[in-house]
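To keep things clear, I will list the structure first and then write my remarks on it.
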Amino acid sequence: MKGLLLKDFYTIIKQLKVFVLMIVIFALIPNFSVSVFAVVYAAMLPITTLAYDERCKWDELAAMMPYSPAALVLSKYLLGLLGVLCAGLLSAFGYGIQLFLLHAADDGSFWFSLLAGICTALLLLAINLPLMYRFGVEKGSLFFFALIALLALLLSLCGDAVTALLQNADQIMLAAALLPVLAFALFAFSGLVSIYIYEHKKEISR
């Protein structure tokens with residue numbers, strides 16, 4: 001697993017330095033929306049490495065190495081999780097510096113926004129990675145964007161109801177407790193689905 005993570009890390013560093021730099025810059029900008037964007041943006045790292053793997057026929061090479069399908073798949077999930085958590089830590093660090101320099105009080109809204117951003121990033125990974133393994137990066141991206149458009153439409157229709165719920169302090173606390181549980185549960189289930197797809201890719205493609 002460590003070797004697979006190092007492979008992806010070197011791929012990102014050598015070919016995607018600007019990509020990683022943008023995540024760092026976005027995470028350190030003291031702005032709620034920008035910081036959350038950095039966290040969600042970090043979730044694209046495993047998708048990018050999958051695209052490079054697909055281009056250089058990595059699966060064929062990996063089949064000759066002592067890596068199990070589970071290790072190959074879960075390394076992408078671990079890369080995404082590490083990227084999201086690192087971006088979250090950088091965002092929290094930037095926010096802490098902002099509070100210190102401005103002598104401002106913490107009203108807690110940033111932390112809820114950051115938590116929601118981390119959960120959103122994990123949910124995007126949970127949806128995206130199985131699609132990539134099933135259809136490939138190019139076709140999977142099309143399905144993913146279509147699904148995101150559908151979700152955005154549903155959210156726009158239910159936006160007023162969600163806003164009303166989150167105006168209550170008790171509802172916010174409940175959401176803060178349930179969101180991580182739901183996100184990590186779907187993230188873990190998605191990993192199992194991706195492993196199944198990877199192991200039975202040839203059978204499913206027929």
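By convention in this document, the chains of the structure tokens carry letters A, B, ... by their order, each chain's residues are numbered from 1, and ligands are numbered from 1 in the order they are shown.
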
- Task: Determine, counting only C-alpha atoms, which protein, DNA and RNA residues have an atom within 12 Å of an atom of A:Lys201; residues of the same chain fewer than 4 positions away are not included. Present the result as JSON, numbers by chain.
- Result: {"A": [59, 69, 130, 131, 132, 133, 134, 135, 136, 193, 194, 195, 196, 197, 205, 206]}

Write a file of the just-selected residues containing all heavy atoms, as a compact mmCIF listing (two decimals), in the first residue's frame.
```txt
# COMPACT_ATOMS: atom_id res chain seq x y z
N ASP A 59 -2.79 -0.82 -15.09
CA ASP A 59 -3.44 -2.05 -14.65
C ASP A 59 -2.73 -3.30 -15.15
O ASP A 59 -2.62 -4.30 -14.44
CB ASP A 59 -4.90 -2.07 -15.11
CG ASP A 59 -5.78 -1.14 -14.30
OD1 ASP A 59 -5.30 -0.64 -13.26
OD2 ASP A 59 -6.94 -0.91 -14.68
N PRO A 69 -6.14 -6.72 -5.75
CA PRO A 69 -7.09 -5.73 -6.24
C PRO A 69 -7.55 -4.77 -5.14
O PRO A 69 -7.73 -3.58 -5.40
CB PRO A 69 -8.25 -6.58 -6.77
CG PRO A 69 -7.62 -7.88 -7.14
CD PRO A 69 -6.54 -8.09 -6.13
N PRO A 130 -16.21 4.62 -8.00
CA PRO A 130 -16.81 3.44 -8.64
C PRO A 130 -17.15 3.67 -10.12
O PRO A 130 -17.00 2.77 -10.94
CB PRO A 130 -18.09 3.19 -7.81
CG PRO A 130 -17.79 3.78 -6.48
CD PRO A 130 -16.95 5.00 -6.78
N LEU A 131 -17.58 4.89 -10.45
CA LEU A 131 -17.88 5.21 -11.85
C LEU A 131 -16.61 5.15 -12.69
O LEU A 131 -16.64 4.68 -13.83
CB LEU A 131 -18.52 6.59 -11.94
CG LEU A 131 -19.93 6.74 -11.38
CD1 LEU A 131 -20.37 8.20 -11.39
CD2 LEU A 131 -20.91 5.89 -12.17
N MET A 132 -15.50 5.64 -12.14
CA MET A 132 -14.23 5.62 -12.87
C MET A 132 -13.76 4.19 -13.12
O MET A 132 -13.27 3.85 -14.20
CB MET A 132 -13.16 6.38 -12.09
CG MET A 132 -13.47 7.84 -11.85
SD MET A 132 -13.58 8.77 -13.39
CE MET A 132 -14.79 9.99 -12.94
N TYR A 133 -13.89 3.35 -12.10
CA TYR A 133 -13.47 1.95 -12.26
C TYR A 133 -14.39 1.18 -13.20
O TYR A 133 -13.94 0.27 -13.91
CB TYR A 133 -13.42 1.26 -10.90
CG TYR A 133 -12.19 1.59 -10.09
CD1 TYR A 133 -12.28 2.31 -8.91
CD2 TYR A 133 -10.92 1.20 -10.52
CE1 TYR A 133 -11.15 2.63 -8.17
CE2 TYR A 133 -9.79 1.52 -9.80
CZ TYR A 133 -9.91 2.23 -8.62
OH TYR A 133 -8.78 2.56 -7.91
N ARG A 134 -15.66 1.54 -13.22
CA ARG A 134 -16.61 0.82 -14.07
C ARG A 134 -16.53 1.26 -15.52
O ARG A 134 -16.52 0.42 -16.44
CB ARG A 134 -18.04 1.03 -13.52
CG ARG A 134 -19.15 0.48 -14.43
CD ARG A 134 -19.02 -1.01 -14.61
NE ARG A 134 -20.05 -1.53 -15.51
CZ ARG A 134 -19.92 -1.61 -16.83
NH1 ARG A 134 -18.80 -1.19 -17.42
NH2 ARG A 134 -20.89 -2.12 -17.56
N PHE A 135 -16.48 2.57 -15.77
CA PHE A 135 -16.59 3.07 -17.13
C PHE A 135 -15.28 3.68 -17.67
O PHE A 135 -15.24 4.05 -18.84
CB PHE A 135 -17.69 4.14 -17.21
CG PHE A 135 -19.04 3.64 -16.83
CD1 PHE A 135 -19.61 3.96 -15.60
CD2 PHE A 135 -19.77 2.83 -17.69
CE1 PHE A 135 -20.87 3.50 -15.24
CE2 PHE A 135 -21.04 2.37 -17.34
CZ PHE A 135 -21.58 2.70 -16.11
N GLY A 136 -14.25 3.79 -16.83
CA GLY A 136 -13.05 4.50 -17.25
C GLY A 136 -13.17 5.97 -16.90
O GLY A 136 -14.27 6.46 -16.63
N VAL A 193 -17.56 -1.50 -3.18
CA VAL A 193 -18.13 -1.56 -4.53
C VAL A 193 -17.03 -1.47 -5.58
O VAL A 193 -17.01 -2.23 -6.56
CB VAL A 193 -19.17 -0.44 -4.74
CG1 VAL A 193 -19.63 -0.38 -6.20
CG2 VAL A 193 -20.36 -0.63 -3.82
N SER A 194 -16.09 -0.55 -5.38
CA SER A 194 -14.99 -0.38 -6.34
C SER A 194 -14.11 -1.62 -6.41
O SER A 194 -13.64 -2.00 -7.49
CB SER A 194 -14.15 0.84 -5.96
OG SER A 194 -14.88 2.04 -6.14
N ILE A 195 -13.87 -2.26 -5.26
CA ILE A 195 -13.07 -3.49 -5.26
C ILE A 195 -13.78 -4.57 -6.06
O ILE A 195 -13.16 -5.28 -6.87
CB ILE A 195 -12.82 -3.97 -3.81
CG1 ILE A 195 -11.88 -3.00 -3.09
CG2 ILE A 195 -12.21 -5.37 -3.81
CD1 ILE A 195 -11.74 -3.27 -1.61
N TYR A 196 -15.08 -4.70 -5.87
CA TYR A 196 -15.86 -5.69 -6.62
C TYR A 196 -15.78 -5.40 -8.13
O TYR A 196 -15.58 -6.32 -8.94
CB TYR A 196 -17.31 -5.69 -6.15
CG TYR A 196 -18.18 -6.66 -6.93
CD1 TYR A 196 -18.24 -8.00 -6.58
CD2 TYR A 196 -18.92 -6.21 -8.03
CE1 TYR A 196 -19.03 -8.88 -7.30
CE2 TYR A 196 -19.70 -7.10 -8.76
CZ TYR A 196 -19.75 -8.43 -8.39
OH TYR A 196 -20.52 -9.30 -9.13
N ILE A 197 -15.96 -4.14 -8.49
CA ILE A 197 -15.91 -3.76 -9.91
C ILE A 197 -14.53 -4.06 -10.49
O ILE A 197 -14.41 -4.60 -11.60
CB ILE A 197 -16.26 -2.27 -10.08
CG1 ILE A 197 -17.72 -2.03 -9.74
CG2 ILE A 197 -15.97 -1.81 -11.51
CD1 ILE A 197 -18.10 -0.56 -9.72
N SER A 205 -17.76 -6.01 -18.19
CA SER A 205 -17.63 -5.33 -19.48
C SER A 205 -18.23 -6.12 -20.62
O SER A 205 -18.43 -5.61 -21.71
CB SER A 205 -16.16 -5.02 -19.77
OG SER A 205 -15.63 -4.17 -18.76
N ARG A 206 -18.46 -7.42 -20.41
CA ARG A 206 -19.00 -8.25 -21.50
C ARG A 206 -20.44 -7.90 -21.83
O ARG A 206 -21.20 -7.53 -20.98
CB ARG A 206 -18.92 -9.73 -21.09
CG ARG A 206 -17.48 -10.25 -21.02
CD ARG A 206 -17.47 -11.69 -20.50
NE ARG A 206 -16.10 -12.16 -20.35
CZ ARG A 206 -15.78 -13.33 -19.81
NH1 ARG A 206 -16.74 -14.14 -19.35
NH2 ARG A 206 -14.52 -13.69 -19.70
```

- Residue neighbourhood A:Thr120, 12 Å, only C-alpha atoms, exclusion window fewer than 5 positions, as number ranges by chain: A: 36-43, 81, 84, 113-115, 125-128, 148, 179-180, 182-184, 186-187

Requested write-out: N, CA, C and O atoms of the selected residues, as a short mmCIF file (atom, residue, chain, number, x, y, z; two decimals), in the first residue's frame:
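Generated file (again_19.cif):
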```
data_model
loop_
_atom_site.label_atom_id
_atom_site.label_comp_id
_atom_site.auth_asym_id
_atom_site.auth_seq_id
_atom_site.Cartn_x
_atom_site.Cartn_y
_atom_site.Cartn_z
N VAL A 36 -13.31 25.85 1.80
CA VAL A 36 -14.11 24.66 1.54
C VAL A 36 -13.85 24.16 0.13
O VAL A 36 -13.77 22.95 -0.11
N PHE A 37 -13.69 25.08 -0.81
CA PHE A 37 -13.38 24.69 -2.18
C PHE A 37 -12.07 23.93 -2.25
O PHE A 37 -11.93 22.97 -3.02
N ALA A 38 -11.09 24.34 -1.44
CA ALA A 38 -9.80 23.66 -1.41
C ALA A 38 -9.97 22.22 -0.99
O ALA A 38 -9.33 21.31 -1.54
N VAL A 39 -10.82 21.98 0.00
CA VAL A 39 -11.05 20.62 0.50
C VAL A 39 -11.70 19.77 -0.58
O VAL A 39 -11.29 18.63 -0.84
N VAL A 40 -12.72 20.31 -1.23
CA VAL A 40 -13.42 19.57 -2.29
C VAL A 40 -12.49 19.36 -3.48
O VAL A 40 -12.49 18.29 -4.11
N TYR A 41 -11.67 20.36 -3.78
CA TYR A 41 -10.73 20.28 -4.89
C TYR A 41 -9.72 19.16 -4.66
O TYR A 41 -9.30 18.48 -5.59
N ALA A 42 -9.31 18.97 -3.39
CA ALA A 42 -8.34 17.93 -3.07
C ALA A 42 -8.88 16.55 -3.37
O ALA A 42 -8.12 15.60 -3.59
N ALA A 43 -10.20 16.40 -3.39
CA ALA A 43 -10.81 15.10 -3.69
C ALA A 43 -10.57 14.69 -5.14
O ALA A 43 -10.82 13.52 -5.49
N LEU A 81 -8.60 10.44 0.78
CA LEU A 81 -8.86 10.77 2.18
C LEU A 81 -7.74 11.63 2.76
O LEU A 81 -7.99 12.64 3.44
N VAL A 84 -7.93 15.19 1.27
CA VAL A 84 -9.03 15.97 1.85
C VAL A 84 -8.69 16.40 3.28
O VAL A 84 -8.90 17.57 3.66
N SER A 113 -18.78 24.80 8.31
CA SER A 113 -18.57 24.87 6.86
C SER A 113 -17.44 23.92 6.44
O SER A 113 -17.55 23.24 5.41
N LEU A 114 -16.37 23.88 7.24
CA LEU A 114 -15.25 23.01 6.92
C LEU A 114 -15.67 21.54 7.02
O LEU A 114 -15.31 20.72 6.17
N LEU A 115 -16.42 21.21 8.07
CA LEU A 115 -16.91 19.83 8.23
C LEU A 115 -17.80 19.44 7.06
O LEU A 115 -17.69 18.33 6.51
N LEU A 125 -16.08 11.57 -3.71
CA LEU A 125 -15.19 10.44 -3.97
C LEU A 125 -15.96 9.12 -3.97
O LEU A 125 -15.72 8.25 -4.81
N ALA A 126 -16.89 8.98 -3.03
CA ALA A 126 -17.66 7.76 -2.92
C ALA A 126 -18.50 7.51 -4.17
O ALA A 126 -18.72 6.36 -4.57
N ILE A 127 -18.96 8.56 -4.80
CA ILE A 127 -19.75 8.44 -6.03
C ILE A 127 -18.84 8.29 -7.24
O ILE A 127 -19.08 7.47 -8.13
N ASN A 128 -17.76 9.07 -7.26
CA ASN A 128 -16.92 9.20 -8.44
C ASN A 128 -16.07 7.96 -8.73
O ASN A 128 -15.99 7.49 -9.86
N ILE A 148 -24.08 14.91 -10.73
CA ILE A 148 -23.93 16.14 -9.96
C ILE A 148 -24.97 17.17 -10.38
O ILE A 148 -25.54 17.88 -9.54
N LEU A 179 -23.54 14.02 9.69
CA LEU A 179 -22.86 14.15 8.40
C LEU A 179 -21.58 13.31 8.31
O LEU A 179 -21.40 12.57 7.34
N PRO A 180 -20.67 13.39 9.29
CA PRO A 180 -19.44 12.59 9.19
C PRO A 180 -19.72 11.09 9.18
O PRO A 180 -19.07 10.34 8.44
N LEU A 182 -22.45 9.54 8.10
CA LEU A 182 -23.00 9.19 6.80
C LEU A 182 -21.93 9.21 5.72
O LEU A 182 -21.84 8.29 4.89
N ALA A 183 -21.09 10.24 5.73
CA ALA A 183 -20.05 10.38 4.71
C ALA A 183 -19.05 9.23 4.77
O ALA A 183 -18.71 8.63 3.74
N PHE A 184 -18.57 8.88 5.97
CA PHE A 184 -17.58 7.81 6.09
C PHE A 184 -18.21 6.45 5.80
O PHE A 184 -17.54 5.56 5.26
N LEU A 186 -20.70 5.84 3.63
CA LEU A 186 -20.82 5.75 2.18
C LEU A 186 -19.44 5.63 1.52
O LEU A 186 -19.28 4.92 0.52
N PHE A 187 -18.45 6.29 2.11
CA PHE A 187 -17.08 6.21 1.60
C PHE A 187 -16.56 4.77 1.71
O PHE A 187 -15.96 4.24 0.77
#
```

- Nearest to A:Asp53, chosen from A:Leu174, A:Leu142, A:Ala105, A:Leu4, with only C-alpha atoms counted in the distances: A:Leu4

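Counting only C-alpha atoms and comparing A:Ala185, A:Leu85, A:Ile12, A:Ala121, the residue that lies closest to A:Tyr52 is A:Ile12.
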
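Here the question is which of A:Leu6, A:Ala63, A:Leu153, A:Ala177 gets nearest to A:Phe112 using only C-alpha atoms, and that residue is A:Ala177.
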
- Task: Go through A:Cys86, A:Ala116, A:Leu99, A:Leu122 and flag the residue nearest A:Phe189, using only C-alpha atoms for the distances.
- Result: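 Counting only C-alpha atoms, the residue closest to A:Phe189 is A:Leu122.
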
- Message: Please report the interatomic distance between atom CA of A:Gly94 and atom CA of A:Gly80 in Å with one decimal.
- Response: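 Spanning atom CA of A:Gly94 to atom CA of A:Gly80 is a straight-line distance of 21.0 Å.
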
- Item | Counting only C-alpha atoms, the residue of A:Gly108, A:Gly88, A:Gly191, A:Pro46 that sits nearest A:Asp8 |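 Nearest to A:Asp8: A:Pro46.
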
- Nearest to A:Val24 among A:Gly96, A:Gly83, A:Gly117, A:Gly140, with distances taken over only C-alpha atoms: which residue is it?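 For A:Val24, the nearest of the candidates is A:Gly83.
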
- Item | Interatomic distance, atom CA of A:Ala92 to atom CA of A:Asp106 (Å, one decimal) |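 So the answer is 11.9 Å.
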